[in-house]
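Presented below is the structure to which this report refers.
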Amino acid sequence: MGFPGETAADFETLLRGVEELQFDRVGVFTYSPEEGTAAEALDGRVPRRVALARRRRLMAVAERVAQARGGRLVGTTQRTLVDGPSAESPLVMQGRTAAHAYEVDGVVFLSGGPALPGSFVQGRITAARGHDLVAQVIGPPEAPGK
């Protein structure tokens, strides 16, 4: 958000597009000038506070869309790679499906069964929380490397 020359109308068009296209995930970065780049010399800088406000608005829309899309997975079973204990709570493990990029997308919080880091488990999706999913482990884990 905030690339030089970005107008309020441009931003509103982007917001509508994210809502209409229903992206599973959206990554948003606030523009910052980098020394030696062509963009550094462009006119029409967007004030940082405006760029940050736009980013917050866009991420709120993206999270609402992700919540709805994740909600469609509730009740399904997803093969999930276990990364390890959750950073939010060591009482649950976290992992990712094939649709989640490591450290970029949301995570799948896993509970209710053995889930060893590096193994795959079948997780029945029980809830969607923004960009994240919550799952109950069903069955034993697959051995790492299988």
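Residues in the structure tokens are named by chain (A, B, ... in the order shown) and by number from 1 within that chain; ligands are numbered from 1 in the order shown.
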
### Task
Might you pull out every residue within 10 Å of Ser86 (chain A), with only C-alpha atoms counted and same-chain residues fewer than 2 positions away left off, and present them as number ranges by chain?
A: 83-84, 88-95, 107-110

Show me, as CSV, the residues of region 95-124 of chain A having an atom within 9 Å of region 131-143 of chain A, each with the closest atom pair and its distance in Å, using only C-alpha atoms.
residue,atom,partner,partner_atom,distance
A:Asp105,CA,A:His131,CA,7.2
A:Gly106,CA,A:Asp132,CA,4.6
A:Val107,CA,A:Asp132,CA,5.0
A:Val108,CA,A:Leu133,CA,4.6
A:Phe109,CA,A:Val134,CA,4.7
A:Leu110,CA,A:Ala135,CA,5.0
A:Ser111,CA,A:Gln136,CA,5.1
A:Gly112,CA,A:Gln136,CA,5.5
A:Gly113,CA,A:Val137,CA,5.1
A:Pro114,CA,A:Pro140,CA,6.6
A:Ala115,CA,A:Pro141,CA,6.1
A:Leu116,CA,A:Pro141,CA,7.2
A:Gly118,CA,A:Ala143,CA,8.2
A:Ser119,CA,A:Ala143,CA,5.6
A:Phe120,CA,A:Glu142,CA,5.2
A:Val121,CA,A:Pro141,CA,4.7
A:Gln122,CA,A:Ile138,CA,5.6
A:Gly123,CA,A:Val137,CA,4.5
A:Arg124,CA,A:Ala135,CA,5.1

What would the file look like if the residues just selected were written as a PDB file, in the first residue's frame with C-alpha atoms?
ATOM      1  CA  ASP A 105       0.143 -18.151   5.300  1.00  0.00           C
ATOM      2  CA  GLY A 106      -1.996 -19.086   8.255  1.00  0.00           C
ATOM      3  CA  VAL A 107      -1.545 -22.314  10.171  1.00  0.00           C
ATOM      4  CA  VAL A 108      -3.616 -25.309  11.209  1.00  0.00           C
ATOM      5  CA  PHE A 109      -3.896 -25.673  14.987  1.00  0.00           C
ATOM      6  CA  LEU A 110      -3.985 -29.383  15.850  1.00  0.00           C
ATOM      7  CA  SER A 111      -5.369 -31.027  18.958  1.00  0.00           C
ATOM      8  CA  GLY A 112      -6.660 -34.337  20.180  1.00  0.00           C
ATOM      9  CA  GLY A 113      -4.105 -36.840  19.033  1.00  0.00           C
ATOM     10  CA  PRO A 114      -0.459 -37.639  18.449  1.00  0.00           C
ATOM     11  CA  ALA A 115       1.142 -35.129  16.115  1.00  0.00           C
ATOM     12  CA  LEU A 116       4.903 -35.428  15.859  1.00  0.00           C
ATOM     13  CA  GLY A 118       7.785 -33.639  10.658  1.00  0.00           C
ATOM     14  CA  SER A 119       4.963 -36.154  10.367  1.00  0.00           C
ATOM     15  CA  PHE A 120       1.713 -35.909   8.463  1.00  0.00           C
ATOM     16  CA  VAL A 121      -1.638 -36.286  10.180  1.00  0.00           C
ATOM     17  CA  GLN A 122      -5.207 -36.306   9.030  1.00  0.00           C
ATOM     18  CA  GLY A 123      -6.946 -33.352  10.608  1.00  0.00           C
ATOM     19  CA  ARG A 124     -10.697 -32.885  10.609  1.00  0.00           C
TER      20      ARG A 124
END

From CA of Val65 (chain A) to CA of Glu20 (chain A) the spacing works out at 9.5 Å

Applying 12 Å and only C-alpha atoms, which residues near Ala60 (chain A) remain after dropping the ones on its own chain fewer than 2 positions away? List them as a JSON list (two decimals) with C-alpha atoms, in the first residue's frame.
[["chain", "number", "residue", "atom", "x", "y", "z"],
["A", 15, "LEU", "CA", -10.63, -3.36, -2.02],
["A", 18, "VAL", "CA", -10.23, -8.51, -3.18],
["A", 19, "GLU", "CA", -13.84, -8.91, -2.06],
["A", 25, "ARG", "CA", -4.82, -15.51, 1.00],
["A", 26, "VAL", "CA", -3.56, -11.99, 0.47],
["A", 27, "GLY", "CA", -0.18, -10.56, 1.43],
["A", 28, "VAL", "CA", 0.06, -6.81, 1.80],
["A", 53, "ALA", "CA", -4.55, 2.92, 7.27],
["A", 54, "ARG", "CA", -5.15, 1.48, 3.79],
["A", 55, "ARG", "CA", -3.15, -1.61, 4.69],
["A", 56, "ARG", "CA", -5.24, -2.15, 7.83],
["A", 57, "ARG", "CA", -8.47, -1.80, 5.84],
["A", 58, "LEU", "CA", -7.31, -4.18, 3.12],
["A", 62, "ALA", "CA", -8.76, -10.13, 3.31],
["A", 63, "GLU", "CA", -9.21, -11.70, 6.74],
["A", 64, "ARG", "CA", -12.99, -11.64, 6.42],
["A", 65, "VAL", "CA", -12.72, -13.35, 3.01],
["A", 66, "ALA", "CA", -10.20, -15.90, 4.36],
["A", 67, "GLN", "CA", -12.52, -16.64, 7.30],
["A", 130, "GLY", "CA", -9.27, -15.64, 10.13],
["A", 131, "HIS", "CA", -6.39, -17.02, 8.11]]

- Message: Run DSSP on the backbone and tell me which residues of region 1-138 of chain A come out as strand (DSSP E or B); list them as a PyMOL selection string.
- Response: chain A and resi 77-85+93-96+108-111+120-129+132-138

* Can you work out the spacing between CA of Gly2 (chain A) and CA of Arg49 (chain A) in Å, to one decimal? =>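 Result for CA of Gly2 (chain A) versus CA of Arg49 (chain A): 9.4 Å, one decimal.
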
Practice item. Rank A:Glu40, A:Met1, A:Glu103, A:Ala87 by their smallest atom-to-atom distance to Leu14 (chain A), using only C-alpha atoms, and report the top residue only. Key: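 Closest to Leu14 (chain A), using only C-alpha atoms: A:Met1.
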
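Among the candidate residues A:Gly44, A:Val61, A:Arg16, A:Ala51, the one lying nearest to Phe29 (chain A) is A:Ala51, with distances computed using only C-alpha atoms.
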
Margin query: Could you check the closest approach to Val82 (chain A) for each of A:Ala41, A:Ala98, A:Ile125, A:Ala9 and tell me which residue wins, using only C-alpha atoms?
Written below: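 The closest residue to Val82 (chain A) is A:Ala98.
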
Query - Straight-line distance linking CA of Ala128 (chain A) with CA of Pro85 (chain A), stated in Å to one decimal - result: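 Going from CA of Ala128 (chain A) over to CA of Pro85 (chain A), I get 18.8 Å.
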
- [ ] DSSP on the backbone, then: every residue of region 4-145 of chain A marked helix (DSSP H, G or I), written as an NGL selection string.
- [x] :A and (8-21 or 38-41 or 48-71)

Write the residues you've just listed into a file as a compact mmCIF listing (two decimals), in the first residue's frame, and include N, CA and C atoms for each of them.
# COMPACT_ATOMS: atom_id res chain seq x y z
N ALA A 8 -6.87 7.38 -3.87
CA ALA A 8 -7.95 6.81 -3.07
C ALA A 8 -8.83 5.93 -3.96
N ALA A 9 -9.08 6.36 -5.19
CA ALA A 9 -9.90 5.57 -6.13
C ALA A 9 -9.21 4.26 -6.47
N ASP A 10 -7.89 4.28 -6.67
CA ASP A 10 -7.14 3.05 -6.92
C ASP A 10 -7.32 2.08 -5.76
N PHE A 11 -7.21 2.60 -4.57
CA PHE A 11 -7.32 1.75 -3.39
C PHE A 11 -8.72 1.16 -3.27
N GLU A 12 -9.75 1.95 -3.50
CA GLU A 12 -11.12 1.43 -3.42
C GLU A 12 -11.36 0.35 -4.46
N THR A 13 -10.77 0.51 -5.65
CA THR A 13 -10.87 -0.52 -6.69
C THR A 13 -10.21 -1.81 -6.21
N LEU A 14 -9.05 -1.69 -5.58
CA LEU A 14 -8.36 -2.86 -5.05
C LEU A 14 -9.20 -3.55 -3.98
N LEU A 15 -9.78 -2.79 -3.07
CA LEU A 15 -10.63 -3.36 -2.02
C LEU A 15 -11.79 -4.16 -2.64
N ARG A 16 -12.47 -3.55 -3.62
CA ARG A 16 -13.59 -4.25 -4.27
C ARG A 16 -13.10 -5.52 -4.95
N GLY A 17 -11.93 -5.45 -5.59
CA GLY A 17 -11.39 -6.62 -6.27
C GLY A 17 -11.10 -7.76 -5.32
N VAL A 18 -10.53 -7.46 -4.17
CA VAL A 18 -10.23 -8.51 -3.18
C VAL A 18 -11.53 -9.15 -2.70
N GLU A 19 -12.56 -8.35 -2.49
CA GLU A 19 -13.84 -8.91 -2.06
C GLU A 19 -14.49 -9.74 -3.16
N GLU A 20 -14.46 -9.26 -4.38
CA GLU A 20 -15.11 -9.96 -5.49
C GLU A 20 -14.37 -11.22 -5.91
N LEU A 21 -13.04 -11.18 -5.92
CA LEU A 21 -12.27 -12.32 -6.40
C LEU A 21 -12.11 -13.42 -5.36
N ALA A 38 14.12 2.92 -8.89
CA ALA A 38 13.40 3.89 -9.73
C ALA A 38 12.23 4.49 -8.95
N ALA A 39 11.59 3.71 -8.12
CA ALA A 39 10.43 4.19 -7.38
C ALA A 39 10.79 5.28 -6.37
N GLU A 40 12.04 5.29 -5.94
CA GLU A 40 12.46 6.30 -4.96
C GLU A 40 12.28 7.71 -5.52
N ALA A 41 12.42 7.88 -6.82
CA ALA A 41 12.36 9.21 -7.44
C ALA A 41 10.95 9.58 -7.90
N ARG A 48 2.64 8.19 4.92
CA ARG A 48 2.77 6.90 5.59
C ARG A 48 1.53 6.54 6.40
N ARG A 49 0.94 7.49 7.11
CA ARG A 49 -0.25 7.21 7.91
C ARG A 49 -1.41 6.78 7.01
N VAL A 50 -1.51 7.33 5.81
CA VAL A 50 -2.56 6.93 4.87
C VAL A 50 -2.28 5.52 4.37
N ALA A 51 -1.03 5.25 4.02
CA ALA A 51 -0.65 3.91 3.54
C ALA A 51 -0.92 2.85 4.61
N LEU A 52 -0.59 3.15 5.85
CA LEU A 52 -0.83 2.19 6.94
C LEU A 52 -2.32 1.98 7.18
N ALA A 53 -3.10 3.04 7.09
CA ALA A 53 -4.55 2.92 7.27
C ALA A 53 -5.14 2.08 6.14
N ARG A 54 -4.67 2.28 4.92
CA ARG A 54 -5.15 1.48 3.79
C ARG A 54 -4.78 0.02 3.98
N ARG A 55 -3.57 -0.23 4.45
CA ARG A 55 -3.15 -1.61 4.69
C ARG A 55 -4.05 -2.28 5.71
N ARG A 56 -4.35 -1.58 6.80
CA ARG A 56 -5.24 -2.15 7.83
C ARG A 56 -6.62 -2.48 7.25
N ARG A 57 -7.16 -1.56 6.45
CA ARG A 57 -8.47 -1.80 5.84
C ARG A 57 -8.44 -2.99 4.89
N LEU A 58 -7.41 -3.08 4.07
CA LEU A 58 -7.31 -4.18 3.12
C LEU A 58 -7.14 -5.51 3.84
N MET A 59 -6.32 -5.54 4.88
CA MET A 59 -6.12 -6.79 5.61
C MET A 59 -7.40 -7.21 6.34
N ALA A 60 -8.21 -6.26 6.78
CA ALA A 60 -9.48 -6.60 7.43
C ALA A 60 -10.41 -7.27 6.42
N VAL A 61 -10.45 -6.75 5.20
CA VAL A 61 -11.26 -7.36 4.15
C VAL A 61 -10.70 -8.74 3.81
N ALA A 62 -9.39 -8.85 3.66
CA ALA A 62 -8.76 -10.13 3.31
C ALA A 62 -9.01 -11.17 4.40
N GLU A 63 -8.97 -10.75 5.65
CA GLU A 63 -9.21 -11.70 6.74
C GLU A 63 -10.66 -12.17 6.75
N ARG A 64 -11.57 -11.26 6.48
CA ARG A 64 -12.99 -11.64 6.42
C ARG A 64 -13.23 -12.65 5.28
N VAL A 65 -12.60 -12.42 4.14
CA VAL A 65 -12.72 -13.35 3.01
C VAL A 65 -12.08 -14.69 3.38
N ALA A 66 -10.89 -14.66 3.98
CA ALA A 66 -10.20 -15.90 4.36
C ALA A 66 -11.03 -16.68 5.38
N GLN A 67 -11.66 -15.99 6.30
CA GLN A 67 -12.52 -16.64 7.30
C GLN A 67 -13.65 -17.38 6.60
N ALA A 68 -14.29 -16.73 5.65
CA ALA A 68 -15.40 -17.35 4.94
C ALA A 68 -14.92 -18.55 4.11
N ARG A 69 -13.81 -18.39 3.44
CA ARG A 69 -13.28 -19.48 2.61
C ARG A 69 -12.81 -20.65 3.49
N GLY A 70 -12.17 -20.34 4.60
CA GLY A 70 -11.76 -21.39 5.52
C GLY A 70 -12.95 -22.10 6.13
N GLY A 71 -14.02 -21.36 6.36
CA GLY A 71 -15.24 -21.95 6.91
C GLY A 71 -15.81 -23.03 6.01
